[in-house]
>>> print(open('target.pdb').read())   # PDB, C-alpha atoms and all ligand atoms
MODEL        1
ATOM      1  CA  MET A   1     -97.281-131.754 -45.566
ATOM      2  CA  LYS A   2     -93.869-130.265 -44.931
ATOM      3  CA  ILE A   3     -91.348-131.159 -47.584
ATOM      4  CA  ASP A   4     -87.665-130.678 -48.084
ATOM      5  CA  GLY A   5     -85.200-131.842 -50.637
ATOM      6  CA  ALA A   6     -82.005-131.304 -52.524
ATOM      7  CA  CYS A   7     -80.550-131.746 -55.973
ATOM      8  CA  HIS A   8     -78.180-134.616 -56.699
ATOM      9  CA  CYS A   9     -75.030-132.664 -55.741
ATOM     10  CA  GLY A  10     -76.597-130.856 -52.762
ATOM     11  CA  TYR A  11     -75.978-127.295 -53.986
ATOM     12  CA  ILE A  12     -79.705-126.542 -54.265
ATOM     13  CA  THR A  13     -81.991-127.249 -51.330
ATOM     14  CA  ILE A  14     -85.690-126.497 -51.106
ATOM     15  CA  GLU A  15     -88.464-126.630 -48.545
ATOM     16  CA  GLY A  16     -92.155-125.844 -48.453
ATOM     17  CA  GLU A  17     -95.626-127.317 -48.063
ATOM     18  CA  GLY A  18     -96.843-129.860 -50.603
ATOM     19  CA  ASP A  19    -100.138-131.754 -50.838
ATOM     20  CA  PRO A  20     -99.510-135.393 -51.854
ATOM     21  CA  ALA A  21    -103.045-135.506 -53.340
ATOM     22  CA  LYS A  22    -101.879-133.098 -56.047
ATOM     23  CA  THR A  23     -98.974-135.202 -57.260
ATOM     24  CA  THR A  24     -99.084-135.262 -61.062
ATOM     25  CA  ILE A  25     -97.350-137.173 -63.818
ATOM     26  CA  CYS A  26     -96.806-135.197 -67.013
ATOM     27  CA  HIS A  27     -96.258-137.161 -70.198
ATOM     28  CA  CYS A  28     -95.809-134.152 -72.487
ATOM     29  CA  SER A  29     -92.908-134.225 -74.907
ATOM     30  CA  ASP A  30     -91.268-131.216 -73.199
ATOM     31  CA  CYS A  31     -91.167-133.142 -69.924
ATOM     32  CA  GLN A  32     -89.757-136.184 -71.675
ATOM     33  CA  THR A  33     -86.949-134.082 -73.142
ATOM     34  CA  GLY A  34     -86.429-131.994 -69.995
ATOM     35  CA  THR A  35     -86.017-135.033 -67.783
ATOM     36  CA  GLY A  36     -84.290-137.272 -70.291
ATOM     37  CA  SER A  37     -86.887-139.822 -69.236
ATOM     38  CA  ALA A  38     -90.400-140.991 -70.094
ATOM     39  CA  PHE A  39     -92.356-138.601 -67.869
ATOM     40  CA  ARG A  40     -92.045-136.050 -65.071
ATOM     41  CA  VAL A  41     -93.554-136.225 -61.578
ATOM     42  CA  SER A  42     -94.275-132.910 -59.844
ATOM     43  CA  VAL A  43     -96.269-131.449 -56.984
ATOM     44  CA  PRO A  44     -97.392-127.825 -56.581
ATOM     45  CA  VAL A  45     -95.915-125.900 -53.667
ATOM     46  CA  ALA A  46     -97.483-122.572 -52.682
ATOM     47  CA  GLY A  47     -95.049-119.708 -53.193
ATOM     48  CA  ALA A  48     -95.708-118.394 -49.675
ATOM     49  CA  THR A  49     -94.216-121.607 -48.241
ATOM     50  CA  PHE A  50     -91.458-122.169 -50.800
ATOM     51  CA  ARG A  51     -87.833-121.584 -49.788
ATOM     52  CA  ILE A  52     -84.743-122.314 -51.826
ATOM     53  CA  SER A  53     -81.019-122.079 -51.165
ATOM     54  CA  GLY A  54     -78.469-121.965 -53.949
ATOM     55  CA  GLN A  55     -78.979-120.212 -57.263
ATOM     56  CA  PRO A  56     -80.730-122.369 -59.855
ATOM     57  CA  THR A  57     -80.292-121.781 -63.567
ATOM     58  CA  ILE A  58     -83.556-120.715 -65.173
ATOM     59  CA  TYR A  59     -84.457-121.851 -68.662
ATOM     60  CA  LEU A  60     -87.452-120.142 -70.238
ATOM     61  CA  LYS A  61     -89.502-122.330 -72.516
ATOM     62  CA  THR A  62     -92.703-121.528 -74.352
ATOM     63  CA  THR A  63     -94.489-124.739 -75.114
ATOM     64  CA  ALA A  64     -95.919-124.943 -78.599
ATOM     65  CA  GLU A  65     -99.141-126.457 -77.320
ATOM     66  CA  SER A  66    -100.195-124.024 -74.565
ATOM     67  CA  GLY A  67     -98.354-120.896 -75.728
ATOM     68  CA  HIS A  68     -97.535-120.093 -72.102
ATOM     69  CA  PRO A  69     -93.886-119.540 -71.177
ATOM     70  CA  ARG A  70     -92.624-121.544 -68.199
ATOM     71  CA  ALA A  71     -89.477-120.971 -66.211
ATOM     72  CA  GLN A  72     -87.660-124.276 -65.756
ATOM     73  CA  ALA A  73     -85.205-124.258 -62.857
ATOM     74  CA  PHE A  74     -82.357-126.724 -62.566
ATOM     75  CA  CYS A  75     -79.113-127.040 -60.671
ATOM     76  CA  PRO A  76     -76.259-125.380 -62.607
ATOM     77  CA  ARG A  77     -73.777-127.864 -61.150
ATOM     78  CA  CYS A  78     -75.432-131.270 -61.452
ATOM     79  CA  GLY A  79     -78.367-130.582 -63.791
ATOM     80  CA  SER A  80     -81.106-131.904 -61.504
ATOM     81  CA  PRO A  81     -84.508-130.436 -62.394
ATOM     82  CA  ILE A  82     -85.821-128.471 -59.380
ATOM     83  CA  TYR A  83     -89.134-126.822 -60.325
ATOM     84  CA  SER A  84     -91.061-124.913 -62.962
ATOM     85  CA  THR A  85     -93.035-121.729 -62.383
ATOM     86  CA  SER A  86     -94.362-118.619 -64.099
ATOM     87  CA  PRO A  87     -91.644-116.327 -65.428
ATOM     88  CA  GLY A  88     -90.951-113.127 -63.499
ATOM     89  CA  GLU A  89     -89.002-111.525 -60.715
ATOM     90  CA  GLY A  90     -89.437-112.397 -57.069
ATOM     91  CA  GLN A  91     -91.577-115.008 -55.377
ATOM     92  CA  GLN A  92     -94.192-116.634 -57.602
ATOM     93  CA  ALA A  93     -97.644-117.836 -56.529
ATOM     94  CA  SER A  94     -96.843-121.490 -57.053
ATOM     95  CA  TYR A  95     -93.953-123.810 -57.904
ATOM     96  CA  MET A  96     -94.229-127.205 -59.542
ATOM     97  CA  VAL A  97     -91.532-129.000 -57.583
ATOM     98  CA  ARG A  98     -89.962-132.164 -58.993
ATOM     99  CA  VAL A  99     -90.891-135.030 -56.713
ATOM    100  CA  GLY A 100     -87.629-136.898 -57.344
ATOM    101  CA  ILE A 101     -85.645-134.310 -55.364
ATOM    102  CA  LEU A 102     -87.852-134.574 -52.248
ATOM    103  CA  ARG A 103     -86.750-136.488 -49.169
ATOM    104  CA  GLN A 104     -90.455-137.407 -48.735
ATOM    105  CA  ARG A 105     -90.866-138.630 -52.336
ATOM    106  CA  LYS A 106     -92.335-141.966 -51.261
ATOM    107  CA  ASP A 107     -95.329-140.050 -49.865
ATOM    108  CA  PHE A 108     -96.027-138.395 -53.202
ATOM    109  CA  VAL A 109     -97.837-141.072 -55.144
ATOM    110  CA  PRO A 110     -99.194-139.689 -58.432
ATOM    111  CA  ARG A 111    -102.960-139.091 -58.520
ATOM    112  CA  ARG A 112    -103.329-138.013 -62.126
ATOM    113  CA  GLN A 113    -101.559-138.137 -65.471
ATOM    114  CA  ILE A 114    -101.670-135.292 -67.939
ATOM    115  CA  TRP A 115    -100.757-135.069 -71.640
ATOM    116  CA  PHE A 116    -101.298-138.800 -71.838
ATOM    117  CA  ARG A 117    -101.732-138.591 -75.600
ATOM    118  CA  SER A 118     -97.947-138.221 -75.890
ATOM    119  CA  ALA A 119     -97.140-140.887 -73.283
ATOM    120  CA  GLN A 120     -94.675-143.542 -74.328
ATOM    121  CA  PRO A 121     -96.814-146.551 -75.254
ATOM    122  CA  TRP A 122     -94.964-148.861 -72.826
ATOM    123  CA  VAL A 123     -95.540-146.787 -69.634
ATOM    124  CA  THR A 124     -98.610-148.794 -68.637
ATOM    125  CA  GLU A 125     -96.833-152.093 -69.293
ATOM    126  CA  ILE A 126     -93.711-152.049 -67.109
ATOM    127  CA  ALA A 127     -95.090-154.167 -64.233
ATOM    128  CA  PRO A 128     -94.258-157.537 -65.859
ATOM    129  CA  ILE A 129     -90.726-156.532 -66.913
ATOM    130  CA  GLN A 130     -87.923-158.395 -65.156
ATOM    131  CA  LYS A 131     -86.866-156.683 -61.920
ATOM    132  CA  ASN A 132     -83.465-156.833 -60.251
ATOM    133  CA  GLU A 133     -83.089-155.502 -56.705
ATOM    134  CA  LYS A 134     -79.799-153.918 -57.769
ATOM    135  CA  GLN A 135     -78.195-153.235 -61.108
ATOM    136  CA  GLY A 136     -78.281-156.904 -61.992
TER     137      GLY A 136
HETATM  138 ZN    ZN B 201     -76.877-129.975 -57.897
HETATM  139 ZN    ZN B 202     -95.005-131.791 -69.212
ENDMDL
END
>>> encode(input="target.pdb", output="structure tokens")
Amino acid sequence: MKIDGACHCGYITIEGEGDPAKTTICHCSDCQTGTGSAFRVSVPVAGATFRISGQPTIYLKTTAESGHPRAQAFCPRCGSPIYSTSPGEGQQASYMVRVGILRQRKDFVPRRQIWFRSAQPWVTEIAPIQKNEKQG
């Protein structure tokens, strides 16, 4: 489906085609650190359909586990994570776009969880926790 989105401050905008069936949660420790949260939710977007406006900052990280470098793109103004992809010049084959920046994020329900061995032990237990509709 067609997707579009923006970072928190609006400097970076993206659009492309994303398949909700490929929505993935990553529990790896790099994603925990890179989001400042417990896990990351992403969906692959084919490079041929991916468009971006604004100039993201690229952070190159080689994960200890896989040995593969990944280019992590985020907004230089507000810090929102935008995508990760293979390092290199020009358009890449695929972009793992961060679901939280998408206007259609409600349609991207995760279908699989990877690196679950490093998941925070409480992630499967949040349903019973007290819920306030607002800050409370
Ligand atoms: Zn921003
Ligand atoms: Zn990860």
>>> closest_residue(input="target.pdb", among="A:Ala73, A:Ile129, A:Val99, A:Ile25", to="Ile52 in chain A", atoms="all atoms listed in the file")
A:Ala73
>>> residues_around(input="target.pdb", residues="range 28-39 of chain A", least_positions_apart="2", cutoff="9 Å", atoms="all atoms listed in the file", output="VMD selection string")
chain A and resid 25 to 26 41 63 72 80 to 81 114 to 120 123
>>> write_last_selection(input="target.pdb", atoms="C-alpha atoms", output="PDB file, in the frame of the given file")
ATOM      1  CA  ILE A  25     -97.350-137.173 -63.818  1.00  0.00           C
ATOM      2  CA  CYS A  26     -96.806-135.197 -67.013  1.00  0.00           C
ATOM      3  CA  VAL A  41     -93.554-136.225 -61.578  1.00  0.00           C
ATOM      4  CA  THR A  63     -94.489-124.739 -75.114  1.00  0.00           C
ATOM      5  CA  GLN A  72     -87.660-124.276 -65.756  1.00  0.00           C
ATOM      6  CA  SER A  80     -81.106-131.904 -61.504  1.00  0.00           C
ATOM      7  CA  PRO A  81     -84.508-130.436 -62.394  1.00  0.00           C
ATOM      8  CA  ILE A 114    -101.670-135.292 -67.939  1.00  0.00           C
ATOM      9  CA  TRP A 115    -100.757-135.069 -71.640  1.00  0.00           C
ATOM     10  CA  PHE A 116    -101.298-138.800 -71.838  1.00  0.00           C
ATOM     11  CA  ARG A 117    -101.732-138.591 -75.600  1.00  0.00           C
ATOM     12  CA  SER A 118     -97.947-138.221 -75.890  1.00  0.00           C
ATOM     13  CA  ALA A 119     -97.140-140.887 -73.283  1.00  0.00           C
ATOM     14  CA  GLN A 120     -94.675-143.542 -74.328  1.00  0.00           C
ATOM     15  CA  VAL A 123     -95.540-146.787 -69.634  1.00  0.00           C
TER      16      VAL A 123
END
>>> resolve_selection(input="target.pdb", expression="the PyMOL selection byres (((chain A and resi 112) around 12) and not hetatm)", output="list in words")
Pro20, Ala21, Lys22, Thr23, Thr24, Ile25, Cys26, His27, Arg40, Val41, Ser42, Val43, Phe108, Val109, Pro110, Arg111, Gln113, Ile114, Trp115 and Phe116 of chain A
>>> residues_near_point(input="target.pdb", point="(-85.1, -121.7, -51.6)", cutoff="7 Å", atoms="all atoms listed in the file", output="ChimeraX atom specification")
/A:13-15,50-53
>>> residues_near_ligand(input="target.pdb", ligand="ligand ZN 201 (chain B)", cutoff="12 Å", atoms="all atoms listed in the file", output="ChimeraX atom specification")
/A:5-14,53-57,73-82,101
>>> closest_residue(input="target.pdb", among="A:Lys131, A:Ser66, A:Gln91, A:Ile126", to="ligand ZN 202 (chain B)", atoms="all atoms listed in the file")
A:Ser66
>>> residues_around(input="target.pdb", residues="Lys61 in chain A", least_positions_apart="2", cutoff="7 Å", atoms="only C-alpha atoms", output="PDB file with C-alpha atoms, keeping the file's coordinate frame")
ATOM      1  CA  TYR A  59     -84.457-121.851 -68.662  1.00  0.00           C
ATOM      2  CA  THR A  63     -94.489-124.739 -75.114  1.00  0.00           C
ATOM      3  CA  PRO A  69     -93.886-119.540 -71.177  1.00  0.00           C
ATOM      4  CA  ARG A  70     -92.624-121.544 -68.199  1.00  0.00           C
ATOM      5  CA  ALA A  71     -89.477-120.971 -66.211  1.00  0.00           C
TER       6      ALA A  71
END
>>> atom_distance(input="target.pdb", atom1="CA of Lys106 in chain A", atom2="CA of Val45 in chain A")
16.6 Å
>>> atom_distance(input="target.pdb", atom1="CA of Ser84 in chain A", atom2="CA of Ala127 in chain A")
29.6 Å
>>> closest_residue(input="target.pdb", among="A:Gly18, A:Gly88, A:Tyr83, A:Gly136", to="ligand ZN 202 (chain B)", atoms="all atoms listed in the file")
A:Tyr83
